[in-house]
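Dumped input12.txt below, it's compact mmCIF, N, CA and C atoms:
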```txt
# COMPACT_ATOMS: atom_id res chain seq x y z
N MET A 1 -107.12 -203.44 -44.67
CA MET A 1 -107.65 -202.82 -43.47
C MET A 1 -106.88 -203.34 -42.25
N MET A 2 -106.60 -202.45 -41.33
CA MET A 2 -105.80 -202.76 -40.15
C MET A 2 -106.67 -203.46 -39.10
N ASP A 3 -106.16 -204.58 -38.57
CA ASP A 3 -106.82 -205.32 -37.49
C ASP A 3 -106.34 -204.73 -36.17
N ALA A 4 -107.24 -204.06 -35.43
CA ALA A 4 -106.87 -203.37 -34.19
C ALA A 4 -106.31 -204.33 -33.15
N THR A 5 -106.86 -205.50 -33.06
CA THR A 5 -106.38 -206.47 -32.07
C THR A 5 -104.94 -206.88 -32.37
N LYS A 6 -104.68 -207.22 -33.63
CA LYS A 6 -103.31 -207.60 -34.01
C LYS A 6 -102.35 -206.44 -33.87
N LEU A 7 -102.81 -205.24 -34.20
CA LEU A 7 -101.99 -204.04 -34.04
C LEU A 7 -101.60 -203.86 -32.58
N ASN A 8 -102.58 -203.99 -31.67
CA ASN A 8 -102.30 -203.82 -30.25
C ASN A 8 -101.42 -204.94 -29.71
N GLN A 9 -101.59 -206.14 -30.23
CA GLN A 9 -100.73 -207.26 -29.83
C GLN A 9 -99.29 -206.97 -30.25
N LEU A 10 -99.11 -206.52 -31.48
CA LEU A 10 -97.78 -206.19 -31.98
C LEU A 10 -97.17 -205.05 -31.16
N ALA A 11 -97.97 -204.02 -30.89
CA ALA A 11 -97.47 -202.89 -30.10
C ALA A 11 -97.03 -203.36 -28.72
N SER A 12 -97.78 -204.27 -28.12
CA SER A 12 -97.42 -204.78 -26.80
C SER A 12 -96.12 -205.57 -26.84
N VAL A 13 -95.96 -206.39 -27.86
CA VAL A 13 -94.73 -207.17 -28.00
C VAL A 13 -93.53 -206.25 -28.19
N ILE A 14 -93.66 -205.28 -29.07
CA ILE A 14 -92.56 -204.35 -29.32
C ILE A 14 -92.24 -203.56 -28.06
N ALA A 15 -93.26 -203.09 -27.35
CA ALA A 15 -93.03 -202.33 -26.11
C ALA A 15 -92.29 -203.19 -25.09
N ALA A 16 -92.69 -204.44 -24.94
CA ALA A 16 -92.04 -205.33 -23.98
C ALA A 16 -90.59 -205.60 -24.37
N ASP A 17 -90.36 -205.84 -25.66
CA ASP A 17 -88.99 -206.11 -26.12
C ASP A 17 -88.10 -204.88 -25.98
N LEU A 18 -88.65 -203.71 -26.26
CA LEU A 18 -87.87 -202.48 -26.11
C LEU A 18 -87.53 -202.24 -24.64
N ARG A 19 -88.50 -202.45 -23.78
CA ARG A 19 -88.26 -202.28 -22.34
C ARG A 19 -87.17 -203.23 -21.87
N GLU A 20 -87.20 -204.47 -22.31
CA GLU A 20 -86.18 -205.45 -21.93
C GLU A 20 -84.81 -205.04 -22.46
N THR A 21 -84.76 -204.54 -23.68
CA THR A 21 -83.50 -204.08 -24.27
C THR A 21 -82.93 -202.92 -23.48
N GLU A 22 -83.79 -201.96 -23.13
CA GLU A 22 -83.34 -200.81 -22.33
C GLU A 22 -82.79 -201.27 -20.97
N LEU A 23 -83.48 -202.19 -20.35
CA LEU A 23 -83.03 -202.71 -19.06
C LEU A 23 -81.67 -203.39 -19.18
N ARG A 24 -81.49 -204.19 -20.20
CA ARG A 24 -80.22 -204.91 -20.37
C ARG A 24 -79.06 -203.95 -20.67
N VAL A 25 -79.33 -202.89 -21.40
CA VAL A 25 -78.29 -201.88 -21.66
C VAL A 25 -77.91 -201.20 -20.35
N ASP A 26 -78.91 -200.83 -19.56
CA ASP A 26 -78.62 -200.21 -18.26
C ASP A 26 -77.80 -201.14 -17.38
N LEU A 27 -78.18 -202.41 -17.33
CA LEU A 27 -77.43 -203.38 -16.53
C LEU A 27 -76.01 -203.55 -17.04
N SER A 28 -75.84 -203.54 -18.35
CA SER A 28 -74.52 -203.66 -18.94
C SER A 28 -73.64 -202.47 -18.58
N LEU A 29 -74.22 -201.27 -18.64
CA LEU A 29 -73.46 -200.08 -18.26
C LEU A 29 -73.09 -200.12 -16.78
N ALA A 30 -74.01 -200.57 -15.95
CA ALA A 30 -73.72 -200.69 -14.52
C ALA A 30 -72.59 -201.69 -14.28
N GLN A 31 -72.62 -202.81 -15.01
CA GLN A 31 -71.56 -203.81 -14.86
C GLN A 31 -70.22 -203.26 -15.34
N ALA A 32 -70.24 -202.46 -16.38
CA ALA A 32 -69.00 -201.84 -16.85
C ALA A 32 -68.44 -200.91 -15.78
N GLY A 33 -69.32 -200.25 -15.04
CA GLY A 33 -68.87 -199.42 -13.92
C GLY A 33 -68.22 -200.25 -12.83
N VAL A 34 -68.76 -201.42 -12.58
CA VAL A 34 -68.15 -202.34 -11.60
C VAL A 34 -66.77 -202.76 -12.08
N LEU A 35 -66.66 -203.07 -13.36
CA LEU A 35 -65.36 -203.45 -13.93
C LEU A 35 -64.37 -202.29 -13.81
N LEU A 36 -64.81 -201.09 -14.10
CA LEU A 36 -63.95 -199.91 -13.98
C LEU A 36 -63.44 -199.77 -12.54
N THR A 37 -64.33 -199.95 -11.59
CA THR A 37 -63.94 -199.87 -10.18
C THR A 37 -62.91 -200.95 -9.84
N SER A 38 -63.17 -202.16 -10.29
CA SER A 38 -62.24 -203.26 -10.02
C SER A 38 -60.86 -202.98 -10.60
N MET A 39 -60.84 -202.47 -11.82
CA MET A 39 -59.56 -202.19 -12.47
C MET A 39 -58.78 -201.11 -11.75
N THR A 40 -59.44 -200.03 -11.39
CA THR A 40 -58.72 -198.90 -10.78
C THR A 40 -58.36 -199.18 -9.32
N THR A 41 -59.28 -199.71 -8.55
CA THR A 41 -58.93 -200.00 -7.15
C THR A 41 -57.94 -201.16 -7.06
N GLY A 42 -58.11 -202.12 -7.95
CA GLY A 42 -57.18 -203.27 -7.95
C GLY A 42 -55.76 -202.85 -8.27
N ARG A 43 -55.61 -201.95 -9.22
CA ARG A 43 -54.26 -201.47 -9.57
C ARG A 43 -53.63 -200.79 -8.37
N ASN A 44 -54.42 -199.95 -7.70
CA ASN A 44 -53.89 -199.26 -6.52
C ASN A 44 -53.56 -200.22 -5.39
N GLU A 45 -54.44 -201.15 -5.13
CA GLU A 45 -54.22 -202.11 -4.04
C GLU A 45 -53.01 -203.01 -4.32
N ALA A 46 -52.77 -203.30 -5.60
CA ALA A 46 -51.62 -204.14 -5.96
C ALA A 46 -50.33 -203.33 -6.01
N GLY A 47 -50.42 -202.01 -5.87
CA GLY A 47 -49.24 -201.17 -5.90
C GLY A 47 -48.62 -201.02 -7.28
N LEU A 48 -49.44 -201.17 -8.31
CA LEU A 48 -48.93 -201.05 -9.68
C LEU A 48 -48.84 -199.59 -10.09
N PRO A 49 -47.93 -199.26 -10.97
CA PRO A 49 -47.79 -197.87 -11.42
C PRO A 49 -49.02 -197.41 -12.20
N ALA A 50 -49.23 -196.10 -12.25
CA ALA A 50 -50.40 -195.50 -12.91
C ALA A 50 -50.52 -195.91 -14.37
N GLN A 51 -49.40 -196.07 -15.06
CA GLN A 51 -49.48 -196.40 -16.48
C GLN A 51 -49.89 -197.85 -16.73
N PHE A 52 -49.82 -198.70 -15.70
CA PHE A 52 -50.21 -200.09 -15.86
C PHE A 52 -51.71 -200.18 -16.16
N GLY A 53 -52.05 -200.81 -17.25
CA GLY A 53 -53.45 -201.00 -17.63
C GLY A 53 -54.11 -199.79 -18.24
N GLN A 54 -53.35 -198.75 -18.54
CA GLN A 54 -53.96 -197.53 -19.07
C GLN A 54 -54.64 -197.78 -20.41
N VAL A 55 -54.02 -198.58 -21.26
CA VAL A 55 -54.63 -198.87 -22.56
C VAL A 55 -55.97 -199.59 -22.36
N ALA A 56 -55.99 -200.56 -21.46
CA ALA A 56 -57.23 -201.29 -21.19
C ALA A 56 -58.28 -200.36 -20.58
N LEU A 57 -57.86 -199.48 -19.69
CA LEU A 57 -58.79 -198.54 -19.08
C LEU A 57 -59.38 -197.59 -20.13
N THR A 58 -58.55 -197.16 -21.06
CA THR A 58 -59.02 -196.30 -22.15
C THR A 58 -60.04 -197.04 -23.01
N LYS A 59 -59.77 -198.31 -23.30
CA LYS A 59 -60.70 -199.10 -24.11
C LYS A 59 -62.03 -199.30 -23.38
N LEU A 60 -61.96 -199.51 -22.07
CA LEU A 60 -63.19 -199.65 -21.29
C LEU A 60 -63.97 -198.33 -21.31
N GLY A 61 -63.28 -197.22 -21.19
CA GLY A 61 -63.95 -195.92 -21.26
C GLY A 61 -64.64 -195.72 -22.60
N GLU A 62 -64.00 -196.15 -23.68
CA GLU A 62 -64.61 -196.06 -25.01
C GLU A 62 -65.85 -196.95 -25.09
N ALA A 63 -65.75 -198.15 -24.53
CA ALA A 63 -66.89 -199.06 -24.55
C ALA A 63 -68.07 -198.48 -23.75
N ILE A 64 -67.78 -197.87 -22.62
CA ILE A 64 -68.84 -197.25 -21.82
C ILE A 64 -69.47 -196.09 -22.59
N ALA A 65 -68.64 -195.26 -23.21
CA ALA A 65 -69.17 -194.13 -24.00
C ALA A 65 -70.04 -194.65 -25.14
N ASN A 66 -69.61 -195.72 -25.80
CA ASN A 66 -70.41 -196.30 -26.88
C ASN A 66 -71.73 -196.86 -26.33
N GLY A 67 -71.68 -197.45 -25.15
CA GLY A 67 -72.89 -197.96 -24.52
C GLY A 67 -73.87 -196.84 -24.21
N ILE A 68 -73.35 -195.72 -23.78
CA ILE A 68 -74.21 -194.56 -23.48
C ILE A 68 -74.84 -194.03 -24.77
N GLU A 69 -74.09 -194.02 -25.85
CA GLU A 69 -74.64 -193.60 -27.15
C GLU A 69 -75.72 -194.57 -27.62
N TYR A 70 -75.47 -195.86 -27.44
CA TYR A 70 -76.45 -196.88 -27.79
C TYR A 70 -77.73 -196.67 -27.00
N ARG A 71 -77.58 -196.39 -25.71
CA ARG A 71 -78.73 -196.13 -24.85
C ARG A 71 -79.50 -194.91 -25.34
N ALA A 72 -78.79 -193.86 -25.73
CA ALA A 72 -79.45 -192.65 -26.24
C ALA A 72 -80.25 -192.97 -27.51
N SER A 73 -79.71 -193.83 -28.35
CA SER A 73 -80.43 -194.24 -29.56
C SER A 73 -81.70 -195.00 -29.21
N LEU A 74 -81.64 -195.84 -28.20
CA LEU A 74 -82.83 -196.58 -27.77
C LEU A 74 -83.88 -195.63 -27.21
N VAL A 75 -83.46 -194.63 -26.46
CA VAL A 75 -84.40 -193.64 -25.92
C VAL A 75 -85.08 -192.91 -27.07
N SER A 76 -84.31 -192.55 -28.09
CA SER A 76 -84.87 -191.88 -29.26
C SER A 76 -85.82 -192.82 -30.01
N LEU A 77 -85.44 -194.07 -30.15
CA LEU A 77 -86.30 -195.07 -30.78
C LEU A 77 -87.61 -195.19 -30.02
N HIS A 78 -87.53 -195.24 -28.70
CA HIS A 78 -88.71 -195.36 -27.86
C HIS A 78 -89.70 -194.23 -28.18
N ARG A 79 -89.18 -193.02 -28.23
CA ARG A 79 -90.04 -191.87 -28.52
C ARG A 79 -90.61 -191.95 -29.93
N SER A 80 -89.81 -192.37 -30.90
CA SER A 80 -90.29 -192.49 -32.28
C SER A 80 -91.42 -193.52 -32.39
N LEU A 81 -91.25 -194.64 -31.70
CA LEU A 81 -92.30 -195.66 -31.72
C LEU A 81 -93.57 -195.16 -31.05
N GLU A 82 -93.40 -194.41 -29.98
CA GLU A 82 -94.56 -193.83 -29.28
C GLU A 82 -95.34 -192.91 -30.21
N VAL A 83 -94.62 -192.04 -30.91
CA VAL A 83 -95.27 -191.10 -31.83
C VAL A 83 -95.96 -191.85 -32.96
N ALA A 84 -95.26 -192.83 -33.55
CA ALA A 84 -95.84 -193.59 -34.65
C ALA A 84 -97.06 -194.38 -34.19
N GLY A 85 -96.96 -194.99 -33.02
CA GLY A 85 -98.08 -195.75 -32.49
C GLY A 85 -99.30 -194.87 -32.24
N ASN A 86 -99.05 -193.69 -31.71
CA ASN A 86 -100.16 -192.76 -31.47
C ASN A 86 -100.83 -192.34 -32.77
N LYS A 87 -100.05 -192.18 -33.82
CA LYS A 87 -100.61 -191.76 -35.11
C LYS A 87 -101.57 -192.80 -35.68
N ILE A 88 -101.30 -194.07 -35.43
CA ILE A 88 -102.17 -195.11 -35.98
C ILE A 88 -103.12 -195.69 -34.94
N GLY A 89 -103.09 -195.12 -33.73
CA GLY A 89 -104.02 -195.53 -32.70
C GLY A 89 -103.68 -196.83 -32.00
N ALA A 90 -102.41 -197.20 -32.01
CA ALA A 90 -101.99 -198.43 -31.33
C ALA A 90 -101.96 -198.23 -29.83
N ASP A 91 -102.37 -199.26 -29.10
CA ASP A 91 -102.28 -199.25 -27.65
C ASP A 91 -100.91 -199.81 -27.29
N TRP A 92 -99.94 -198.95 -27.22
CA TRP A 92 -98.54 -199.33 -27.00
C TRP A 92 -98.15 -199.21 -25.55
N SER A 93 -99.01 -198.63 -24.71
CA SER A 93 -98.61 -198.16 -23.39
C SER A 93 -98.28 -199.24 -22.38
N LEU A 94 -98.98 -200.36 -22.36
CA LEU A 94 -98.76 -201.42 -21.37
C LEU A 94 -98.82 -200.92 -19.94
N GLY A 95 -99.57 -199.90 -19.66
CA GLY A 95 -99.68 -199.39 -18.29
C GLY A 95 -99.12 -198.00 -18.17
N GLY A 96 -99.32 -197.41 -17.00
CA GLY A 96 -98.85 -196.05 -16.75
C GLY A 96 -97.34 -195.97 -16.64
N PRO A 97 -96.79 -194.78 -16.68
CA PRO A 97 -95.33 -194.60 -16.69
C PRO A 97 -94.65 -195.04 -15.39
N LEU A 98 -95.37 -195.07 -14.28
CA LEU A 98 -94.74 -195.44 -13.01
C LEU A 98 -95.18 -196.81 -12.53
N GLU A 99 -95.97 -197.50 -13.34
CA GLU A 99 -96.43 -198.83 -12.98
C GLU A 99 -95.53 -199.88 -13.60
N PRO A 100 -95.37 -201.02 -12.92
CA PRO A 100 -94.60 -202.10 -13.54
C PRO A 100 -95.30 -202.55 -14.82
N LYS A 101 -94.53 -202.86 -15.82
CA LYS A 101 -95.09 -203.28 -17.10
C LYS A 101 -94.75 -204.75 -17.32
N PRO A 102 -95.69 -205.53 -17.81
CA PRO A 102 -95.38 -206.92 -18.09
C PRO A 102 -94.34 -207.00 -19.20
N ASP A 103 -93.45 -207.97 -19.11
CA ASP A 103 -92.41 -208.06 -20.14
C ASP A 103 -92.64 -209.23 -21.07
N ASP A 104 -93.83 -209.83 -21.02
CA ASP A 104 -94.07 -210.98 -21.88
C ASP A 104 -95.04 -210.69 -23.01
N GLY A 105 -95.43 -209.45 -23.19
CA GLY A 105 -96.28 -209.08 -24.31
C GLY A 105 -97.70 -209.60 -24.19
N THR A 106 -98.21 -209.84 -22.97
CA THR A 106 -99.51 -210.47 -22.82
C THR A 106 -100.65 -209.51 -22.53
N LYS A 107 -100.44 -208.22 -22.55
CA LYS A 107 -101.52 -207.29 -22.20
C LYS A 107 -102.77 -207.55 -23.02
N HIS A 108 -102.59 -207.85 -24.28
CA HIS A 108 -103.74 -208.05 -25.15
C HIS A 108 -104.02 -209.53 -25.39
N GLY A 109 -103.53 -210.37 -24.46
CA GLY A 109 -103.90 -211.78 -24.49
C GLY A 109 -103.11 -212.66 -25.44
N THR A 110 -102.08 -212.15 -26.04
CA THR A 110 -101.29 -212.95 -26.97
C THR A 110 -99.82 -212.81 -26.63
N LYS A 111 -99.13 -213.92 -26.52
CA LYS A 111 -97.69 -213.88 -26.30
C LYS A 111 -96.97 -213.77 -27.62
N ARG A 112 -95.68 -213.45 -27.57
CA ARG A 112 -94.88 -213.25 -28.77
C ARG A 112 -95.01 -214.41 -29.76
N ALA A 113 -94.81 -215.63 -29.28
CA ALA A 113 -94.83 -216.79 -30.18
C ALA A 113 -96.19 -216.92 -30.87
N GLU A 114 -97.26 -216.65 -30.14
CA GLU A 114 -98.59 -216.74 -30.73
C GLU A 114 -98.77 -215.67 -31.80
N LEU A 115 -98.23 -214.48 -31.56
CA LEU A 115 -98.36 -213.39 -32.52
C LEU A 115 -97.59 -213.72 -33.79
N VAL A 116 -96.39 -214.23 -33.63
CA VAL A 116 -95.53 -214.53 -34.79
C VAL A 116 -96.15 -215.62 -35.63
N THR A 117 -96.78 -216.60 -35.01
CA THR A 117 -97.32 -217.73 -35.77
C THR A 117 -98.75 -217.51 -36.24
N SER A 118 -99.38 -216.42 -35.82
CA SER A 118 -100.77 -216.17 -36.22
C SER A 118 -100.85 -215.67 -37.65
```
Turn the structure described in the file into structure tokens.
Amino acid sequence: MMDATKLNQLASVIAADLRETELRVDLSLAQAGVLLTSMTTGRNEAGLPAQFGQVALTKLGEAIANGIEYRASLVSLHRSLEVAGNKIGADWSLGGPLEPKPDDGTKHGTKRAELVTS
């Protein structure tokens, strides 16, 4: 038999971890954009020819594209977890869609470490 409290604790932990993962991917993509800017403006400011650093720029573009695909997978995962949680009645929400959500998994009174060791 399913323990609703433990289920909701687990749902809260997973929701918090997924939110943190999504945030870190977004920050990583933003930082890659900063790197792209530095590479392209730096080349121009240094007066280097267009072909200088092209291989590196291409590799950065591939990394950014892969990061965007990774992000899309996380968005899909988020939706899958939402659907699965709803099917079993888990309280996965951690608040409304426009409200700040706690990232420590404490909505149901248990932190990650407590859940893992319980």
task: List the neighbours of A:Glu22 out to 10 Å using only C-alpha atoms; skip same-chain residues closer than 6 positions along the sequence, and give me the result as a count of residues only.
output: 8
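Here atom N of A:Val55 is placed at a distance of 16.6 Å from atom N of A:Gly33.
Minimum distance to A:Ala4 across A:Leu27, A:Ala90, A:Ala32, A:Ala50 (counting only N, CA and C atoms) occurs at A:Ala90.
With atom CA of A:Ala56 on one side and atom CA of A:Val34 on the other, the separation reads 14.6 Å.
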- request: Have a look at atom CA of A:Ser38 and atom C of A:Asp26 and let me know their distance in Å, one decimal.
  value: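 Distance reported for this atom pair: 17.3 Å.
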For stretch 52-70 of chain A, I'd like the enclosing box, axis-aligned and padded by 5 Å on every side, reported as AutoDock Vina command-line options with centre and edge lengths in Å to one decimal.
```
--center_x -63.8 --center_y -197.4 --center_z -21.7 --size_x 37.9 --size_y 17.7 --size_z 22.1
```
